[in-house]
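J.: If it helps, the file is called query_7.pdb and holds PDB, C-alpha atoms and all ligand atoms:
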MODEL        1
ATOM      1  CA  MET A   1    -170.341-103.451  52.875  1.00  0.00           C
ATOM      2  CA  MET A   2    -171.391 -99.825  53.162  1.00  0.00           C
ATOM      3  CA  GLU A   3    -169.554 -99.413  56.428  1.00  0.00           C
ATOM      4  CA  CYS A   4    -166.412-100.651  54.826  1.00  0.00           C
ATOM      5  CA  CYS A   5    -166.782 -97.978  52.170  1.00  0.00           C
ATOM      6  CA  ILE A   6    -167.318 -95.294  54.748  1.00  0.00           C
ATOM      7  CA  TYR A   7    -164.244 -96.285  56.684  1.00  0.00           C
ATOM      8  CA  ARG A   8    -162.197 -96.398  53.534  1.00  0.00           C
ATOM      9  CA  ALA A   9    -163.528 -92.989  52.548  1.00  0.00           C
ATOM     10  CA  LEU A  10    -162.633 -91.580  55.933  1.00  0.00           C
ATOM     11  CA  VAL A  11    -159.114 -92.924  55.758  1.00  0.00           C
ATOM     12  CA  VAL A  12    -158.634 -91.497  52.278  1.00  0.00           C
ATOM     13  CA  CYS A  13    -160.116 -88.179  53.302  1.00  0.00           C
ATOM     14  CA  ILE A  14    -158.042 -87.864  56.446  1.00  0.00           C
ATOM     15  CA  ALA A  15    -154.897 -88.659  54.489  1.00  0.00           C
ATOM     16  CA  PHE A  16    -155.901 -86.102  51.892  1.00  0.00           C
ATOM     17  CA  VAL A  17    -156.649 -83.379  54.414  1.00  0.00           C
ATOM     18  CA  VAL A  18    -153.416 -83.977  56.294  1.00  0.00           C
ATOM     19  CA  SER A  19    -151.318 -83.901  53.151  1.00  0.00           C
ATOM     20  CA  ALA A  20    -153.156 -80.896  51.763  1.00  0.00           C
ATOM     21  CA  SER A  21    -152.664 -78.853  54.889  1.00  0.00           C
ATOM     22  CA  ALA A  22    -148.894 -79.271  55.275  1.00  0.00           C
ATOM     23  CA  THR A  23    -146.732 -77.561  52.702  1.00  0.00           C
ATOM     24  CA  GLN A  24    -142.979 -77.757  52.696  1.00  0.00           C
ATOM     25  CA  HIS A  25    -141.180 -74.547  51.873  1.00  0.00           C
ATOM     26  CA  THR A  26    -137.543 -74.876  50.886  1.00  0.00           C
ATOM     27  CA  VAL A  27    -135.970 -71.747  52.309  1.00  0.00           C
ATOM     28  CA  GLY A  28    -134.469 -69.594  49.560  1.00  0.00           C
ATOM     29  CA  GLY A  29    -135.936 -71.763  46.817  1.00  0.00           C
ATOM     30  CA  SER A  30    -133.397 -73.389  44.530  1.00  0.00           C
ATOM     31  CA  GLN A  31    -130.586 -71.279  45.971  1.00  0.00           C
ATOM     32  CA  GLY A  32    -131.249 -72.624  49.402  1.00  0.00           C
ATOM     33  CA  TRP A  33    -130.065 -71.283  52.740  1.00  0.00           C
ATOM     34  CA  ASP A  34    -127.065 -69.241  51.670  1.00  0.00           C
ATOM     35  CA  VAL A  35    -125.411 -65.856  52.091  1.00  0.00           C
ATOM     36  CA  SER A  36    -126.066 -65.003  48.457  1.00  0.00           C
ATOM     37  CA  THR A  37    -129.788 -65.766  48.622  1.00  0.00           C
ATOM     38  CA  ASP A  38    -132.213 -62.870  48.842  1.00  0.00           C
ATOM     39  CA  LEU A  39    -134.052 -64.338  51.781  1.00  0.00           C
ATOM     40  CA  SER A  40    -136.323 -61.403  52.530  1.00  0.00           C
ATOM     41  CA  SER A  41    -137.667 -61.439  48.966  1.00  0.00           C
ATOM     42  CA  TRP A  42    -138.135 -65.159  49.176  1.00  0.00           C
ATOM     43  CA  ALA A  43    -139.964 -64.858  52.498  1.00  0.00           C
ATOM     44  CA  SER A  44    -142.312 -62.140  51.299  1.00  0.00           C
ATOM     45  CA  ALA A  45    -143.357 -64.291  48.338  1.00  0.00           C
ATOM     46  CA  GLN A  46    -144.324 -67.231  50.533  1.00  0.00           C
ATOM     47  CA  LYS A  47    -147.740 -68.012  51.848  1.00  0.00           C
ATOM     48  CA  ILE A  48    -147.026 -69.795  55.070  1.00  0.00           C
ATOM     49  CA  GLU A  49    -149.701 -71.427  57.157  1.00  0.00           C
ATOM     50  CA  VAL A  50    -149.777 -73.248  60.446  1.00  0.00           C
ATOM     51  CA  GLY A  51    -148.730 -76.852  59.891  1.00  0.00           C
ATOM     52  CA  ASP A  52    -146.334 -75.956  57.085  1.00  0.00           C
ATOM     53  CA  GLN A  53    -142.678 -76.840  57.251  1.00  0.00           C
ATOM     54  CA  LEU A  54    -139.547 -74.889  56.475  1.00  0.00           C
ATOM     55  CA  VAL A  55    -136.677 -76.862  54.990  1.00  0.00           C
ATOM     56  CA  PHE A  56    -133.229 -75.330  55.279  1.00  0.00           C
ATOM     57  CA  LYS A  57    -130.859 -76.798  52.709  1.00  0.00           C
ATOM     58  CA  TYR A  58    -127.184 -75.878  52.826  1.00  0.00           C
ATOM     59  CA  THR A  59    -123.646 -77.225  52.833  1.00  0.00           C
ATOM     60  CA  THR A  60    -122.983 -78.932  56.136  1.00  0.00           C
ATOM     61  CA  GLY A  61    -120.266 -77.206  58.139  1.00  0.00           C
ATOM     62  CA  LEU A  62    -120.494 -73.979  56.179  1.00  0.00           C
ATOM     63  CA  HIS A  63    -123.776 -72.838  57.648  1.00  0.00           C
ATOM     64  CA  SER A  64    -126.213 -73.716  60.386  1.00  0.00           C
ATOM     65  CA  VAL A  65    -129.684 -72.733  61.490  1.00  0.00           C
ATOM     66  CA  VAL A  66    -130.385 -71.059  64.789  1.00  0.00           C
ATOM     67  CA  GLU A  67    -133.771 -69.898  65.963  1.00  0.00           C
ATOM     68  CA  LEU A  68    -133.811 -66.532  67.657  1.00  0.00           C
ATOM     69  CA  ALA A  69    -136.150 -65.615  70.455  1.00  0.00           C
ATOM     70  CA  SER A  70    -137.081 -62.077  69.531  1.00  0.00           C
ATOM     71  CA  GLU A  71    -137.360 -59.419  66.864  1.00  0.00           C
ATOM     72  CA  SER A  72    -134.527 -57.483  68.494  1.00  0.00           C
ATOM     73  CA  ALA A  73    -132.235 -60.506  68.466  1.00  0.00           C
ATOM     74  CA  TYR A  74    -133.144 -60.907  64.801  1.00  0.00           C
ATOM     75  CA  LYS A  75    -132.433 -57.261  63.996  1.00  0.00           C
ATOM     76  CA  ASN A  76    -129.164 -57.248  65.893  1.00  0.00           C
ATOM     77  CA  CYS A  77    -128.082 -60.684  64.682  1.00  0.00           C
ATOM     78  CA  ASP A  78    -127.683 -61.758  68.269  1.00  0.00           C
ATOM     79  CA  VAL A  79    -126.914 -65.429  67.695  1.00  0.00           C
ATOM     80  CA  GLY A  80    -125.387 -65.870  71.157  1.00  0.00           C
ATOM     81  CA  SER A  81    -128.408 -67.196  72.996  1.00  0.00           C
ATOM     82  CA  VAL A  82    -130.768 -69.132  70.796  1.00  0.00           C
ATOM     83  CA  LEU A  83    -133.943 -71.160  71.168  1.00  0.00           C
ATOM     84  CA  ASP A  84    -132.775 -73.943  68.930  1.00  0.00           C
ATOM     85  CA  SER A  85    -129.852 -74.871  66.760  1.00  0.00           C
ATOM     86  CA  LYS A  86    -129.559 -77.235  63.822  1.00  0.00           C
ATOM     87  CA  ASN A  87    -126.684 -78.193  61.530  1.00  0.00           C
ATOM     88  CA  SER A  88    -127.642 -81.238  59.458  1.00  0.00           C
ATOM     89  CA  GLY A  89    -127.668 -79.393  56.131  1.00  0.00           C
ATOM     90  CA  ASN A  90    -131.261 -80.450  55.590  1.00  0.00           C
ATOM     91  CA  ASP A  91    -133.122 -79.128  58.590  1.00  0.00           C
ATOM     92  CA  VAL A  92    -136.890 -79.260  58.824  1.00  0.00           C
ATOM     93  CA  VAL A  93    -138.727 -76.851  61.074  1.00  0.00           C
ATOM     94  CA  LYS A  94    -142.428 -77.330  61.612  1.00  0.00           C
ATOM     95  CA  LEU A  95    -144.489 -74.203  62.108  1.00  0.00           C
ATOM     96  CA  ASN A  96    -147.029 -75.609  64.490  1.00  0.00           C
ATOM     97  CA  LYS A  97    -148.685 -72.403  65.584  1.00  0.00           C
ATOM     98  CA  ALA A  98    -149.533 -69.013  64.171  1.00  0.00           C
ATOM     99  CA  GLY A  99    -147.051 -66.244  64.682  1.00  0.00           C
ATOM    100  CA  THR A 100    -143.648 -64.948  63.674  1.00  0.00           C
ATOM    101  CA  ARG A 101    -140.416 -66.869  64.052  1.00  0.00           C
ATOM    102  CA  TYR A 102    -136.864 -65.742  63.529  1.00  0.00           C
ATOM    103  CA  PHE A 103    -133.974 -67.733  62.120  1.00  0.00           C
ATOM    104  CA  ALA A 104    -130.378 -66.933  61.316  1.00  0.00           C
ATOM    105  CA  CYS A 105    -127.174 -68.645  60.345  1.00  0.00           C
ATOM    106  CA  GLY A 106    -124.938 -69.337  63.308  1.00  0.00           C
ATOM    107  CA  THR A 107    -121.699 -68.961  61.355  1.00  0.00           C
ATOM    108  CA  PRO A 108    -119.992 -65.713  62.470  1.00  0.00           C
ATOM    109  CA  GLY A 109    -120.729 -62.833  60.113  1.00  0.00           C
ATOM    110  CA  HIS A 110    -123.320 -64.595  58.008  1.00  0.00           C
ATOM    111  CA  CYS A 111    -126.362 -63.124  59.717  1.00  0.00           C
ATOM    112  CA  GLN A 112    -124.926 -59.627  59.268  1.00  0.00           C
ATOM    113  CA  GLN A 113    -124.559 -60.411  55.569  1.00  0.00           C
ATOM    114  CA  GLY A 114    -128.270 -61.077  55.375  1.00  0.00           C
ATOM    115  CA  MET A 115    -128.442 -64.744  56.163  1.00  0.00           C
ATOM    116  CA  LYS A 116    -131.495 -64.502  58.331  1.00  0.00           C
ATOM    117  CA  LEU A 117    -135.157 -65.189  57.983  1.00  0.00           C
ATOM    118  CA  LYS A 118    -138.270 -63.743  59.558  1.00  0.00           C
ATOM    119  CA  ILE A 119    -141.308 -65.824  58.791  1.00  0.00           C
ATOM    120  CA  THR A 120    -144.923 -65.496  59.860  1.00  0.00           C
ATOM    121  CA  ALA A 121    -147.274 -68.455  59.845  1.00  0.00           C
ATOM    122  CA  ALA A 122    -150.897 -67.507  59.334  1.00  0.00           C
ATOM    123  CA  ALA A 123    -153.778 -69.470  60.778  1.00  0.00           C
ATOM    124  CA  SER A 124    -154.299 -72.341  58.374  1.00  0.00           C
ATOM    125  CA  GLY A 125    -157.261 -73.030  56.130  1.00  0.00           C
ATOM    126  CA  SER A 126    -157.353 -69.512  54.763  1.00  0.00           C
ATOM    127  CA  SER A 127    -156.313 -70.272  51.218  1.00  0.00           C
ATOM    128  CA  GLN A 128    -155.626 -73.859  50.364  1.00  0.00           C
ATOM    129  CA  ALA A 129    -158.776 -75.045  48.684  1.00  0.00           C
ATOM    130  CA  SER A 130    -158.402 -78.559  47.352  1.00  0.00           C
ATOM    131  CA  PRO A 131    -157.288 -78.343  43.727  1.00  0.00           C
ATOM    132  CA  ALA A 132    -159.008 -81.633  42.860  1.00  0.00           C
ATOM    133  CA  SER A 133    -162.387 -80.576  44.166  1.00  0.00           C
ATOM    134  CA  SER A 134    -165.084 -80.405  41.539  1.00  0.00           C
ATOM    135  CA  THR A 135    -167.554 -78.548  43.707  1.00  0.00           C
ATOM    136  CA  SER A 136    -167.545 -74.803  43.571  1.00  0.00           C
ATOM    137  CA  SER A 137    -166.640 -72.901  46.674  1.00  0.00           C
ATOM    138  CA  SER A 138    -169.715 -72.966  48.855  1.00  0.00           C
ATOM    139  CA  SER A 139    -169.200 -69.834  50.862  1.00  0.00           C
ATOM    140  CA  GLY A 140    -167.786 -66.418  50.271  1.00  0.00           C
ATOM    141  CA  SER A 141    -166.387 -66.130  53.759  1.00  0.00           C
ATOM    142  CA  THR A 142    -162.712 -66.568  52.963  1.00  0.00           C
ATOM    143  CA  THR A 143    -160.531 -63.944  54.555  1.00  0.00           C
ATOM    144  CA  PRO A 144    -157.827 -62.814  52.136  1.00  0.00           C
ATOM    145  CA  GLY A 145    -155.913 -61.121  54.927  1.00  0.00           C
ATOM    146  CA  ALA A 146    -155.185 -64.455  56.570  1.00  0.00           C
ATOM    147  CA  SER A 147    -154.176 -62.652  59.722  1.00  0.00           C
ATOM    148  CA  ALA A 148    -157.210 -63.734  61.681  1.00  0.00           C
ATOM    149  CA  SER A 149    -156.822 -64.629  65.302  1.00  0.00           C
ATOM    150  CA  ALA A 150    -155.791 -68.137  66.267  1.00  0.00           C
ATOM    151  CA  ALA A 151    -159.284 -68.889  67.528  1.00  0.00           C
ATOM    152  CA  ALA A 152    -160.837 -67.931  64.206  1.00  0.00           C
ATOM    153  CA  GLY A 153    -158.206 -70.046  62.485  1.00  0.00           C
ATOM    154  CA  VAL A 154    -159.149 -73.097  64.494  1.00  0.00           C
ATOM    155  CA  SER A 155    -162.825 -72.826  63.581  1.00  0.00           C
ATOM    156  CA  HIS A 156    -161.842 -72.225  59.985  1.00  0.00           C
ATOM    157  CA  VAL A 157    -159.767 -75.410  59.962  1.00  0.00           C
ATOM    158  CA  THR A 158    -162.589 -77.360  61.531  1.00  0.00           C
ATOM    159  CA  ALA A 159    -165.038 -76.081  58.937  1.00  0.00           C
ATOM    160  CA  LEU A 160    -162.654 -77.033  56.152  1.00  0.00           C
ATOM    161  CA  LEU A 161    -162.151 -80.505  57.613  1.00  0.00           C
ATOM    162  CA  VAL A 162    -165.862 -81.150  57.981  1.00  0.00           C
ATOM    163  CA  THR A 163    -166.610 -79.875  54.497  1.00  0.00           C
ATOM    164  CA  THR A 164    -163.897 -82.002  52.959  1.00  0.00           C
ATOM    165  CA  MET A 165    -165.042 -85.063  54.870  1.00  0.00           C
ATOM    166  CA  VAL A 166    -168.635 -84.643  53.781  1.00  0.00           C
ATOM    167  CA  VAL A 167    -167.654 -84.127  50.171  1.00  0.00           C
ATOM    168  CA  CYS A 168    -165.393 -87.171  50.247  1.00  0.00           C
ATOM    169  CA  VAL A 169    -168.002 -89.389  51.836  1.00  0.00           C
ATOM    170  CA  LEU A 170    -170.608 -88.287  49.295  1.00  0.00           C
ATOM    171  CA  VAL A 171    -168.213 -88.917  46.442  1.00  0.00           C
ATOM    172  CA  VAL A 172    -167.504 -92.447  47.627  1.00  0.00           C
ATOM    173  CA  TYR A 173    -171.154 -93.175  48.333  1.00  0.00           C
ATOM    174  CA  TYR A 174    -172.466 -92.280  44.898  1.00  0.00           C
TER     175      TYR A 174
HETATM  176 CU    CU A 201    -124.138 -69.173  56.961  1.00  0.00          CU
ENDMDL
END
What is this file in structure tokens?

T.:
Amino acid sequence: MMECCIYRALVVCIAFVVSASATQHTVGGSQGWDVSTDLSSWASAQKIEVGDQLVFKYTTGLHSVVELASESAYKNCDVGSVLDSKNSGNDVVKLNKAGTRYFACGTPGHCQQGMKLKITAAASGSSQASPASSTSSSSGSTTPGASASAAAGVSHVTALLVTTMVVCVLVVYY
């Protein structure tokens, strides 16, 4: 009886943690991936964490998404040799590790017109407290900079997971 509750709590909690830690960011907001979108402003307003996803929405055939290998390729709009290329019109890119990634449109001339995106994923767990949680934040050790090393990020994630699990189990128990 109790075990059943614990298992159910764990399943719920795992589902919650997984969903809470992956945010989808539609590139360019409502304007989408387009030449007219102010992509650098959009990017600077985003809080991107490891595990988040970028969604590029655009008219198929008009644009594409290519991932560039370096800052210099990004600056020079060198879309000749790319890491990856997508053209579905609704492309999802998962940011599965911390660091900076570079994207551009592969259509000739579009990158030069500003259709490019530089995005940095911070180690996750730095900001996304659960909005539904009724307990007050238990520690004051959050790092607002969010540019901690990957190792620190991992321990941070683990701490968040454990805390959330414990809270969830307690909630279900009582
Ligand atoms: Cu384009």

J.: What does the structure give for the distance between atom CA of A:Glu67 and atom CA of A:Lys86, in Å to one decimal?

T.: 8.7 Å

J.: Please check which protein, DNA or RNA residues sit within 10 Å of ligand CU 201 (chain A), counting only C-alpha atoms and all ligand atoms, and write them as an NGL selection string.

T.: :A and (33-36 or 58-65 or 104-116)

J.: One decimal, in Å: what's the spacing between atom CA of A:Asp91 and atom CA of A:Lys75?

T.: 22.5 Å

J.: With only C-alpha atoms as the counted atoms, please give the residues lying no more than 10 Å from A:Leu83, apart from itself and same-chain residues fewer than 2 positions off, as a PDB file with C-alpha atoms, keeping the file's coordinate frame.

T.:
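Saved file out-v2.pdb follows:
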ATOM      1  CA  VAL A  66    -130.385 -71.059  64.789  1.00  0.00           C
ATOM      2  CA  GLU A  67    -133.771 -69.898  65.963  1.00  0.00           C
ATOM      3  CA  LEU A  68    -133.811 -66.532  67.657  1.00  0.00           C
ATOM      4  CA  ALA A  69    -136.150 -65.615  70.455  1.00  0.00           C
ATOM      5  CA  SER A  70    -137.081 -62.077  69.531  1.00  0.00           C
ATOM      6  CA  VAL A  79    -126.914 -65.429  67.695  1.00  0.00           C
ATOM      7  CA  SER A  81    -128.408 -67.196  72.996  1.00  0.00           C
ATOM      8  CA  SER A  85    -129.852 -74.871  66.760  1.00  0.00           C
ATOM      9  CA  TYR A 102    -136.864 -65.742  63.529  1.00  0.00           C
ATOM     10  CA  PHE A 103    -133.974 -67.733  62.120  1.00  0.00           C
TER      11      PHE A 103
END

J.: Quick check, in Å to one decimal: how far apart do atom CA of A:Gly99 and atom CA of A:Cys77 lie?

T.: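 Atom CA of A:Cys77 lies at a distance of 19.8 Å from atom CA of A:Gly99.
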
J.: To verify the selection step, state as a ChimeraX atom specification which residues the PyMOL selection byres (((chain A and resi 120) around 7) and not hetatm) yields on this input.

T.: /A:48,99-101,118-119,121-122

J.: List the residues matched by the PyMOL selection byres (((chain A and resi 43-45) around 10) and not hetatm) in the displayed structure as a PyMOL selection string, ordered by chain and then by residue number.

T.: chain A and resi 25+27-29+38-42+46-48+117-120

J.: Show which residues sit within 9 Å of A:Thr26, as a PDB file with C-alpha atoms, keeping the file's coordinate frame. Count all atoms listed in the file, and ignore same-chain residues fewer than 3 positions away.

T.:
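Final output, saved to out.pdb:
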ATOM      1  CA  GLY A  29    -135.936 -71.763  46.817  1.00  0.00           C
ATOM      2  CA  SER A  30    -133.397 -73.389  44.530  1.00  0.00           C
ATOM      3  CA  GLY A  32    -131.249 -72.624  49.402  1.00  0.00           C
ATOM      4  CA  TRP A  33    -130.065 -71.283  52.740  1.00  0.00           C
ATOM      5  CA  GLN A  53    -142.678 -76.840  57.251  1.00  0.00           C
ATOM      6  CA  LEU A  54    -139.547 -74.889  56.475  1.00  0.00           C
ATOM      7  CA  VAL A  55    -136.677 -76.862  54.990  1.00  0.00           C
ATOM      8  CA  PHE A  56    -133.229 -75.330  55.279  1.00  0.00           C
ATOM      9  CA  LYS A  57    -130.859 -76.798  52.709  1.00  0.00           C
TER      10      LYS A  57
END
